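Shown next, in structure tokens, is the structure this report addresses.
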Amino acid sequence: MRTIAVLGATGSIGASTLDVVTRHPDRFRVTALAAHRSVDALAALCVRFRPELAVIADPACEADLRARLGAASVRSRVTSGPAALIEAAAGAHCNTVVAAIVGAAGLESTLAAARAGKRLLLANKEAIVMAGPLLLAALKDGGGELLPLDSEHNAVFQCLPGGRPDLAAAGVRRILLTASGGPFRGKTRADLARITPDQACAHPNWRMGRKISVDSATLMNKGLEVIEAHYLFGAPAARIEVVVHPQSVVHSLVEYVDGSVLAQLGNPDMRTAIAYALAWPERVEAGVATLDLLKIAHIDFEAPDRKTFRCLDLAYQALAAGGTATTVLNAANEEAVAAFLGGRLPFLAIPDIIERCVETVDVAPTVDLEVVLDADLTARRHAQRIIASLTG
Ligand code: NAD
Ligand code: MG
């Protein structure tokens with residue numbers, strides 16, 4: 001039986017996870033649910049799933065959640081705050097953790113799950129971008145396993161022999177990450193001058209949270225995924241390439257030295273990756289429709305437009321710089337995206353903020369959490385100063 005903590009239960013990945021879980025009550029049981037401050041949504045999930053632990057990250061919401069669960073006769077233990085998230089990730093109630101909090105807020109619970117030896121289903125890519133070496137060390141110490149939920153990395157995992165082998169020994173030449181190109185594929189800088197948050201969040205193929213939707217529109221999502229692939233698969237940046245594939249049915253590819261290229265295909269539906277990672281090494285039904293190749297008819301590939309969408313190269317540059325450069329990249333991006341979503345920053349200024357932070361903030365080796373949190377905070381303050389100076 002997989003006993004499962006879903007961190008970020010009220011989000012898009014959380015909903016897809018709970019849909020898969022509901023299909024297999026004989027295999028999967030939810031033991032903890034955590035969310036930020038959406039009390040209504042979390043309370044409704046607790047009524048449905050009756051977890052042992054209900055965590056609301058914002059302590060100001062704890063009394064409200066407790067009252068609602070009490071009124072509904074749900075006996076989940078209600079807790080809040082950062083330590084509660086860590087308990088939800090590392091406690092004895094679960095053997096599996098779905099890390100689906102968005103952003104740096106998910107870092108410490110993700111690390112805690114790894115250190116506790118859980119099966120870690122990683123959606124929270126910001127955690128591995130911020131602190132890749134720490135996450136790998138925590139996994140090693142804990143003796144658990146990491147299964148990627150990001151569709152591209154889940155695809156690569158499926159195309160590699162035995163999950164995460166030594167790539168050179170396995171004869172891997174390249175990892176090819178596919179990108180949809182987002183809602184603004186084919187647009188020029190002039191077209192993008194007046195983009196609104198709602199336009200940026202209208203992704204052509206996937207329904208996701210607003211932060212990752214903006215990342216998809218800037219191509220930073222693919223940049224974060226290059227860094228994620230580097231850490232997950234031990235691949236040097238030179239062996240990770242990005243190819244735009246607008247239909248989003250080829251989720252990524254692995255090329256071998258003999259010229260073979262293996263790809264994983266499927267409808268753009270996160271439940272495939274989630275079901276794969278929950279049931280691995282078995283396969284279970286995920287509620288995903290059969291891929292209709294005749295209806296799709298064409299699969300296209302093109303090069304990313306790196307001039308218009310500068311974030312992709314900024315991510316490669318941060319990866320080359322190493323250490324906390326990717327922490328700084330992530331923090332600056334989170335601040336810039338939040339400012340854009342709040343109507344305080346134009347879309348095209350997002351890469352400018354990131355570039356200036358990566359150029360300015362000192363980079364250190366990623367030796368411990370303190371160094372990472374320090375780089376994160378310094379980069380955020382710097383980004384906020386630049387944003388304030390731009391917006392007056
Ligand atoms: P979302 O915005 O829909 O959901 C985010 C969840 O995180 C919510 O449950 C929210 O309550 C919780 N959360 C936010 N801030 C928090 C905080 N400070 N403390 C505790 N919980 C907090 O986002 P999403 O689209 O589900 O994405 C979640 C993560 O998965 C992101 O890292 C994203 O990059 C990654 N991801 C998502 C998709 C997708 O299809 N949605 C695909 C690949 C990867
Ligand atoms: Mg992805």
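Ligands are numbered from 1 in the order shown, residues from 1 within each chain, and chains are lettered A, B, ... in the order they appear in the structure tokens.
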Check your understanding: Which residues sit within 6 Å of ligand 2, counting only C-alpha atoms and all ligand atoms, listed as a ChimeraX atom specification?
Key -> /A:150-152
**Study point:** Test item: residues no farther than 8 Å from ligand 1, counting only C-alpha atoms and all ligand atoms, as JSON, numbers by chain
**Key:** {"A": [7, 8, 9, 10, 11, 12, 13, 14, 15, 34, 35, 36, 37, 38, 56, 57, 58, 82, 85, 99, 100, 101, 102, 103, 104, 105, 106, 122, 123, 124, 125, 126, 127, 149, 150, 151, 206, 207, 208, 209, 210, 211, 212, 213, 221, 269, 270]}
May I have the selected residues written with N, CA and C atoms, as a compact mmCIF listing (two decimals), in the first residue's frame?
# COMPACT_ATOMS: atom_id res chain seq x y z
N LEU A 7 1.60 17.30 -0.87
CA LEU A 7 1.95 18.68 -0.48
C LEU A 7 1.66 19.56 -1.70
N GLY A 8 0.78 20.53 -1.50
CA GLY A 8 0.27 21.29 -2.65
C GLY A 8 -0.98 20.62 -3.18
N ALA A 9 -1.79 20.10 -2.24
CA ALA A 9 -2.95 19.27 -2.61
C ALA A 9 -4.02 20.04 -3.36
N THR A 10 -4.10 21.35 -3.14
CA THR A 10 -5.17 22.14 -3.75
C THR A 10 -4.80 22.68 -5.13
N GLY A 11 -3.59 22.37 -5.60
CA GLY A 11 -3.15 22.88 -6.89
C GLY A 11 -3.48 21.94 -8.04
N SER A 12 -2.93 22.29 -9.19
CA SER A 12 -3.19 21.52 -10.41
C SER A 12 -2.59 20.11 -10.32
N ILE A 13 -1.35 19.99 -9.88
CA ILE A 13 -0.74 18.66 -9.72
C ILE A 13 -1.44 17.90 -8.59
N GLY A 14 -1.77 18.62 -7.52
CA GLY A 14 -2.50 17.99 -6.42
C GLY A 14 -3.80 17.37 -6.91
N ALA A 15 -4.56 18.09 -7.72
CA ALA A 15 -5.85 17.59 -8.21
C ALA A 15 -5.65 16.36 -9.10
N ALA A 34 -1.66 18.92 2.33
CA ALA A 34 -1.14 20.23 2.72
C ALA A 34 -1.39 21.26 1.63
N ALA A 35 -1.69 22.49 2.07
CA ALA A 35 -1.90 23.60 1.14
C ALA A 35 -1.45 24.90 1.80
N HIS A 36 -1.48 25.96 1.04
CA HIS A 36 -0.95 27.24 1.52
C HIS A 36 -1.96 27.94 2.44
N ARG A 37 -3.03 28.50 1.83
CA ARG A 37 -4.04 29.16 2.67
C ARG A 37 -5.46 29.02 2.13
N SER A 38 -5.67 28.11 1.18
CA SER A 38 -7.03 27.91 0.65
C SER A 38 -7.77 26.93 1.56
N ILE A 56 -2.11 23.36 6.95
CA ILE A 56 -2.29 24.62 6.25
C ILE A 56 -1.04 25.45 6.55
N ALA A 57 -0.30 25.81 5.49
CA ALA A 57 1.02 26.42 5.72
C ALA A 57 0.91 27.73 6.48
N ASP A 58 -0.11 28.51 6.18
CA ASP A 58 -0.26 29.81 6.84
C ASP A 58 -0.92 29.64 8.21
N PRO A 82 5.89 26.07 8.88
CA PRO A 82 6.95 25.33 8.18
C PRO A 82 7.25 23.96 8.80
N LEU A 85 4.78 21.36 7.67
CA LEU A 85 5.02 20.84 6.30
C LEU A 85 6.09 19.77 6.33
N ALA A 99 5.58 16.04 -3.97
CA ALA A 99 6.09 17.40 -3.72
C ALA A 99 5.54 18.31 -4.81
N ALA A 100 4.38 18.91 -4.54
CA ALA A 100 3.69 19.71 -5.57
C ALA A 100 3.37 21.11 -5.07
N ILE A 101 4.17 21.59 -4.10
CA ILE A 101 4.09 23.00 -3.73
C ILE A 101 4.82 23.77 -4.83
N VAL A 102 4.33 24.97 -5.13
CA VAL A 102 5.00 25.76 -6.17
C VAL A 102 6.07 26.65 -5.52
N GLY A 103 7.26 26.65 -6.13
CA GLY A 103 8.29 27.61 -5.75
C GLY A 103 9.16 27.17 -4.58
N ALA A 104 9.98 28.14 -4.13
CA ALA A 104 10.93 27.88 -3.05
C ALA A 104 10.24 27.45 -1.77
N ALA A 105 8.97 27.75 -1.62
CA ALA A 105 8.22 27.35 -0.42
C ALA A 105 8.22 25.84 -0.24
N GLY A 106 8.50 25.11 -1.32
CA GLY A 106 8.49 23.64 -1.23
C GLY A 106 9.84 23.03 -0.91
N LEU A 122 8.57 14.14 -7.51
CA LEU A 122 8.98 15.55 -7.56
C LEU A 122 8.29 16.30 -8.69
N ALA A 123 7.39 17.23 -8.30
CA ALA A 123 6.86 18.20 -9.27
C ALA A 123 7.51 19.55 -9.04
N ASN A 124 7.84 19.82 -7.77
CA ASN A 124 8.39 21.10 -7.32
C ASN A 124 9.81 21.31 -7.88
N LYS A 125 9.88 21.63 -9.16
CA LYS A 125 11.20 21.71 -9.83
C LYS A 125 12.06 22.82 -9.25
N GLU A 126 11.40 23.87 -8.67
CA GLU A 126 12.20 24.95 -8.09
C GLU A 126 13.13 24.42 -6.99
N ALA A 127 12.70 23.38 -6.27
CA ALA A 127 13.54 22.84 -5.19
C ALA A 127 14.86 22.29 -5.74
N LEU A 149 7.95 13.88 -11.66
CA LEU A 149 6.59 14.09 -12.18
C LEU A 149 6.58 15.04 -13.36
N ASP A 150 7.58 15.90 -13.46
CA ASP A 150 7.62 16.78 -14.62
C ASP A 150 7.55 15.88 -15.86
N SER A 151 6.65 16.19 -16.79
CA SER A 151 6.36 15.23 -17.86
C SER A 151 7.60 14.90 -18.68
N TRP A 206 -1.71 22.70 -21.81
CA TRP A 206 -1.76 22.25 -20.42
C TRP A 206 -2.52 23.25 -19.57
N ARG A 207 -3.28 22.76 -18.57
CA ARG A 207 -3.92 23.64 -17.57
C ARG A 207 -3.08 23.53 -16.30
N MET A 208 -2.42 24.60 -15.91
CA MET A 208 -1.48 24.53 -14.79
C MET A 208 -1.66 25.76 -13.91
N GLY A 209 -0.93 25.76 -12.78
CA GLY A 209 -0.93 26.94 -11.92
C GLY A 209 -0.37 28.15 -12.66
N ARG A 210 -0.61 29.35 -12.11
CA ARG A 210 -0.24 30.56 -12.84
C ARG A 210 1.26 30.77 -12.93
N LYS A 211 2.00 30.38 -11.89
CA LYS A 211 3.45 30.61 -11.94
C LYS A 211 4.09 29.79 -13.05
N ILE A 212 3.81 28.50 -13.09
CA ILE A 212 4.43 27.66 -14.13
C ILE A 212 3.89 28.05 -15.52
N SER A 213 2.68 28.57 -15.58
CA SER A 213 2.15 28.99 -16.88
C SER A 213 2.94 30.18 -17.42
N ASN A 221 10.44 27.98 -17.96
CA ASN A 221 10.09 26.62 -17.52
C ASN A 221 11.06 25.60 -18.13
N ASP A 269 -1.43 15.09 -20.41
CA ASP A 269 -2.26 14.90 -19.22
C ASP A 269 -1.33 14.41 -18.12
N MET A 270 -1.17 15.21 -17.08
CA MET A 270 -0.17 14.90 -16.04
C MET A 270 -0.48 13.61 -15.30
Exercise for review: Could you give me, as a PyMOL selection string, the residues within 8 Å of A:Ala155, counting only C-alpha atoms and dropping anything in the same chain fewer than 5 positions from it?
Suggested key: chain A and resi 251-253+263-265+273
Saved selection, atoms kept: all heavy atoms, as a compact mmCIF listing (two decimals), in the first residue's frame:
# COMPACT_ATOMS: atom_id res chain seq x y z
N HIS A 251 6.85 13.60 -25.13
CA HIS A 251 7.13 14.31 -23.87
C HIS A 251 8.61 14.51 -23.63
O HIS A 251 8.97 15.34 -22.80
CB HIS A 251 6.42 13.62 -22.71
CG HIS A 251 4.94 13.66 -22.88
ND1 HIS A 251 4.28 14.84 -23.12
CD2 HIS A 251 4.00 12.70 -22.92
CE1 HIS A 251 2.99 14.60 -23.27
NE2 HIS A 251 2.80 13.30 -23.16
N SER A 252 9.46 13.79 -24.30
CA SER A 252 10.91 13.99 -24.37
C SER A 252 11.55 12.76 -24.99
O SER A 252 10.85 11.75 -25.22
CB SER A 252 11.56 14.32 -23.02
OG SER A 252 11.38 15.70 -22.74
N LEU A 253 12.86 12.85 -25.28
CA LEU A 253 13.54 11.77 -26.01
C LEU A 253 14.94 11.56 -25.45
O LEU A 253 15.56 12.48 -24.91
CB LEU A 253 13.67 12.10 -27.51
CG LEU A 253 12.42 12.68 -28.22
CD1 LEU A 253 12.39 14.20 -28.15
CD2 LEU A 253 12.37 12.23 -29.66
N ALA A 263 11.59 7.69 -27.43
CA ALA A 263 10.74 8.79 -26.98
C ALA A 263 9.58 8.22 -26.18
O ALA A 263 9.23 7.05 -26.34
CB ALA A 263 10.20 9.57 -28.17
N GLN A 264 8.99 9.03 -25.32
CA GLN A 264 7.77 8.63 -24.65
C GLN A 264 6.67 9.57 -25.14
O GLN A 264 6.84 10.79 -25.15
CB GLN A 264 7.93 8.72 -23.12
CG GLN A 264 6.75 8.17 -22.32
CD GLN A 264 5.82 9.26 -21.79
OE1 GLN A 264 6.13 10.43 -21.88
NE2 GLN A 264 4.68 8.87 -21.27
N LEU A 265 5.56 8.98 -25.60
CA LEU A 265 4.45 9.76 -26.14
C LEU A 265 3.20 9.55 -25.29
O LEU A 265 3.07 8.54 -24.60
CB LEU A 265 4.13 9.32 -27.57
CG LEU A 265 5.01 9.84 -28.71
CD1 LEU A 265 6.38 9.19 -28.68
CD2 LEU A 265 4.34 9.59 -30.06
N ALA A 273 2.12 10.71 -15.97
CA ALA A 273 3.38 10.75 -15.21
C ALA A 273 3.13 10.42 -13.74
O ALA A 273 3.91 9.70 -13.10
CB ALA A 273 4.02 12.13 -15.34
**Study point:** Shell of 7 Å around A:Ala90, only C-alpha atoms, local chain residues under 4 positions omitted, as a PyMOL selection string
**Key:** chain A and resi 86+112-113+116
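Of the residues listed (A:Arg27, A:Tyr276, A:Val55, A:Gly323), A:Gly323 shows the shortest atom-to-atom separation from A:Asp368; distances use only C-alpha atoms.
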Give me, as a JSON list (two decimals) with C-alpha atoms, in the first residue's frame, all polymer residues having an atom no more than 12 Å from A:Glu52, counting only C-alpha atoms and skipping those fewer than 6 positions away in the same chain.
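Dumped to result_18.json:
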[["chain", "number", "residue", "atom", "x", "y", "z"],
["A", 3, "THR", "CA", 0.50, 5.83, 1.95],
["A", 4, "ILE", "CA", 0.70, 9.27, 0.42],
["A", 5, "ALA", "CA", 1.32, 12.83, 1.58],
["A", 6, "VAL", "CA", 0.20, 15.34, -1.04],
["A", 29, "ARG", "CA", -4.25, 5.89, 0.51],
["A", 30, "VAL", "CA", -3.90, 9.59, 1.33],
["A", 31, "THR", "CA", -2.49, 10.15, 4.81],
["A", 32, "ALA", "CA", -1.60, 13.86, 4.69],
["A", 33, "LEU", "CA", -2.85, 16.84, 2.71],
["A", 34, "ALA", "CA", -1.14, 20.23, 2.72],
["A", 46, "CYS", "CA", -10.13, 16.42, 3.90],
["A", 74, "VAL", "CA", -13.38, 14.96, 10.16],
["A", 75, "ARG", "CA", -10.83, 13.81, 12.70],
["A", 76, "SER", "CA", -7.62, 14.81, 10.85],
["A", 77, "ARG", "CA", -4.97, 16.38, 13.07],
["A", 78, "VAL", "CA", -4.68, 20.04, 11.99],
["A", 79, "THR", "CA", -1.28, 21.76, 12.04],
["A", 87, "GLU", "CA", 6.28, 16.65, 9.48],
["A", 88, "ALA", "CA", 3.81, 15.98, 6.67],
["A", 91, "GLY", "CA", 6.36, 11.54, 9.32],
["A", 92, "ALA", "CA", 5.70, 7.82, 9.74],
["A", 93, "HIS", "CA", 2.16, 8.19, 8.34],
["A", 94, "CYS", "CA", 3.44, 8.06, 4.74]]
Practice item. Fewer than 6 positions away in the same chain doesn't count, so skip those; otherwise give me all residues within 7 Å of stretch 342-348 of chain A, counting only C-alpha atoms, as a list in words. Key: Leu192, Ala193, Ile195 and Thr391 of chain A
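Taking atom CA of A:Pro365 and atom CA of A:Ala321 as the two end points, the separation is 10.2 Å.
Between atom CA of A:Asp362 and atom CA of A:Ala375 the interatomic distance comes to 7.8 Å.
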**Study point:** Selection: 8 Å around A:Ile274, only C-alpha atoms, excl. self and same-chain fewer than 5 positions, as number ranges by chain
**Key:** A: 16-17, 20, 121, 149
**Study point:** Backbone-only DSSP, strand (DSSP E or B) members of stretch 18-196 of chain A, as number ranges by chain
**Key:** A: 28-35, 53-56, 77-80, 96-99, 119-122, 145-148, 172-179
Residues as selected, N, CA and C atoms, written as a short mmCIF file (atom, residue, chain, number, x, y, z; two decimals), in the first residue's frame, can you do that?
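Saved as again.cif:
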data_model
loop_
_atom_site.label_atom_id
_atom_site.label_comp_id
_atom_site.auth_asym_id
_atom_site.auth_seq_id
_atom_site.Cartn_x
_atom_site.Cartn_y
_atom_site.Cartn_z
N PHE A 28 -3.55 2.83 -3.12
CA PHE A 28 -3.12 4.17 -2.69
C PHE A 28 -4.05 4.70 -1.61
N ARG A 29 -3.45 5.25 -0.55
CA ARG A 29 -4.25 5.89 0.51
C ARG A 29 -3.59 7.22 0.87
N VAL A 30 -4.41 8.26 0.97
CA VAL A 30 -3.90 9.59 1.33
C VAL A 30 -3.82 9.71 2.84
N THR A 31 -2.64 10.04 3.36
CA THR A 31 -2.49 10.15 4.81
C THR A 31 -2.20 11.58 5.26
N ALA A 32 -1.80 12.45 4.33
CA ALA A 32 -1.60 13.86 4.69
C ALA A 32 -1.91 14.73 3.48
N LEU A 33 -2.56 15.86 3.76
CA LEU A 33 -2.85 16.84 2.71
C LEU A 33 -2.35 18.20 3.20
N ALA A 34 -1.66 18.92 2.33
CA ALA A 34 -1.14 20.23 2.72
C ALA A 34 -1.39 21.26 1.63
N ALA A 35 -1.69 22.49 2.07
CA ALA A 35 -1.90 23.60 1.14
C ALA A 35 -1.45 24.90 1.80
N LEU A 53 -3.41 13.71 8.71
CA LEU A 53 -2.82 15.02 8.95
C LEU A 53 -3.32 16.03 7.90
N ALA A 54 -3.78 17.20 8.38
CA ALA A 54 -4.20 18.27 7.47
C ALA A 54 -3.33 19.49 7.80
N VAL A 55 -2.53 19.93 6.85
CA VAL A 55 -1.59 21.02 7.11
C VAL A 55 -1.94 22.24 6.27
N ILE A 56 -2.11 23.36 6.95
CA ILE A 56 -2.29 24.62 6.25
C ILE A 56 -1.04 25.45 6.55
N ARG A 77 -5.71 15.47 12.19
CA ARG A 77 -4.97 16.38 13.07
C ARG A 77 -4.58 17.60 12.25
N VAL A 78 -4.91 18.80 12.75
CA VAL A 78 -4.68 20.04 11.99
C VAL A 78 -3.42 20.72 12.54
N THR A 79 -2.49 21.03 11.63
CA THR A 79 -1.28 21.76 12.04
C THR A 79 -0.99 22.83 10.98
N SER A 80 -0.02 23.73 11.32
CA SER A 80 0.32 24.78 10.36
C SER A 80 1.78 25.18 10.52
N THR A 96 5.25 7.75 0.85
CA THR A 96 5.33 8.40 -0.47
C THR A 96 4.94 9.85 -0.31
N VAL A 97 5.71 10.74 -0.95
CA VAL A 97 5.41 12.17 -0.86
C VAL A 97 5.30 12.76 -2.26
N VAL A 98 4.20 13.43 -2.52
CA VAL A 98 4.05 14.17 -3.77
C VAL A 98 4.42 15.62 -3.47
N ALA A 99 5.58 16.04 -3.97
CA ALA A 99 6.09 17.40 -3.72
C ALA A 99 5.54 18.31 -4.81
N ARG A 119 9.48 7.55 -0.95
CA ARG A 119 9.42 7.66 -2.41
C ARG A 119 8.97 9.09 -2.67
N LEU A 120 9.84 9.85 -3.35
CA LEU A 120 9.58 11.27 -3.57
C LEU A 120 9.15 11.48 -5.02
N LEU A 121 7.92 11.92 -5.20
CA LEU A 121 7.42 12.25 -6.53
C LEU A 121 7.61 13.75 -6.70
N LEU A 122 8.57 14.14 -7.51
CA LEU A 122 8.98 15.55 -7.56
C LEU A 122 8.29 16.30 -8.69
N GLU A 145 13.75 6.92 -2.98
CA GLU A 145 13.87 7.01 -4.44
C GLU A 145 13.13 8.25 -4.93
N LEU A 146 13.64 8.82 -6.01
CA LEU A 146 12.99 9.99 -6.60
C LEU A 146 12.41 9.59 -7.94
N LEU A 147 11.13 9.86 -8.12
CA LEU A 147 10.47 9.65 -9.41
C LEU A 147 10.01 11.01 -9.92
N PRO A 148 10.49 11.44 -11.08
CA PRO A 148 10.11 12.78 -11.55
C PRO A 148 8.67 12.84 -12.04
N VAL A 172 24.31 6.81 -23.58
CA VAL A 172 23.42 7.94 -23.90
C VAL A 172 24.23 9.06 -24.54
N ARG A 173 23.77 9.51 -25.70
CA ARG A 173 24.46 10.63 -26.37
C ARG A 173 23.83 11.96 -25.97
N ARG A 174 22.50 12.04 -25.99
CA ARG A 174 21.83 13.32 -25.70
C ARG A 174 20.48 13.06 -25.04
N ILE A 175 20.10 14.00 -24.22
CA ILE A 175 18.72 14.07 -23.72
C ILE A 175 18.06 15.22 -24.46
N LEU A 176 16.92 14.97 -25.06
CA LEU A 176 16.20 16.01 -25.80
C LEU A 176 14.91 16.31 -25.07
N LEU A 177 14.85 17.50 -24.49
CA LEU A 177 13.63 17.91 -23.79
C LEU A 177 12.73 18.63 -24.78
N THR A 178 11.48 18.23 -24.84
CA THR A 178 10.56 18.93 -25.72
C THR A 178 9.89 20.09 -24.97
N ALA A 179 9.59 21.14 -25.73
CA ALA A 179 8.90 22.32 -25.20
C ALA A 179 7.74 22.64 -26.12
#
Practice item. Step one, run DSSP on the backbone; step two, keep only residues of stretch 173-203 of chain A assigned to helix (DSSP H, G or I); then write them as a VMD selection string. Key: chain A and resid 190 to 192 197 to 200
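Atom pair atom CA of A:Thr378 / atom CA of A:Val328: separated by 8.1 Å.
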Contact table stretch 156-188 of chain A vs stretch 302-320 of chain A, cut-off 8 Å, shortest pair per residue, only C-alpha atoms, as a Markdown table:
| residue | atom | partner | partner_atom | distance |
| --- | --- | --- | --- | --- |
| A:Gly181 | CA | A:Pro304 | CA | 7.3 |
| A:Gly186 | CA | A:Asp305 | CA | 8.0 |
| A:Thr188 | CA | A:Thr308 | CA | 6.4 |
**Study point:** Selected residue, from A:Val243, A:Leu341, A:Leu107, A:Leu160, that lies nearest to A:Asp198 when counting only C-alpha atoms
**Key:** A:Leu341
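Distance check against A:Ile240 using only C-alpha atoms: of A:Gly81, A:His298, A:Arg50, A:Val156, the minimum falls on A:Val156.
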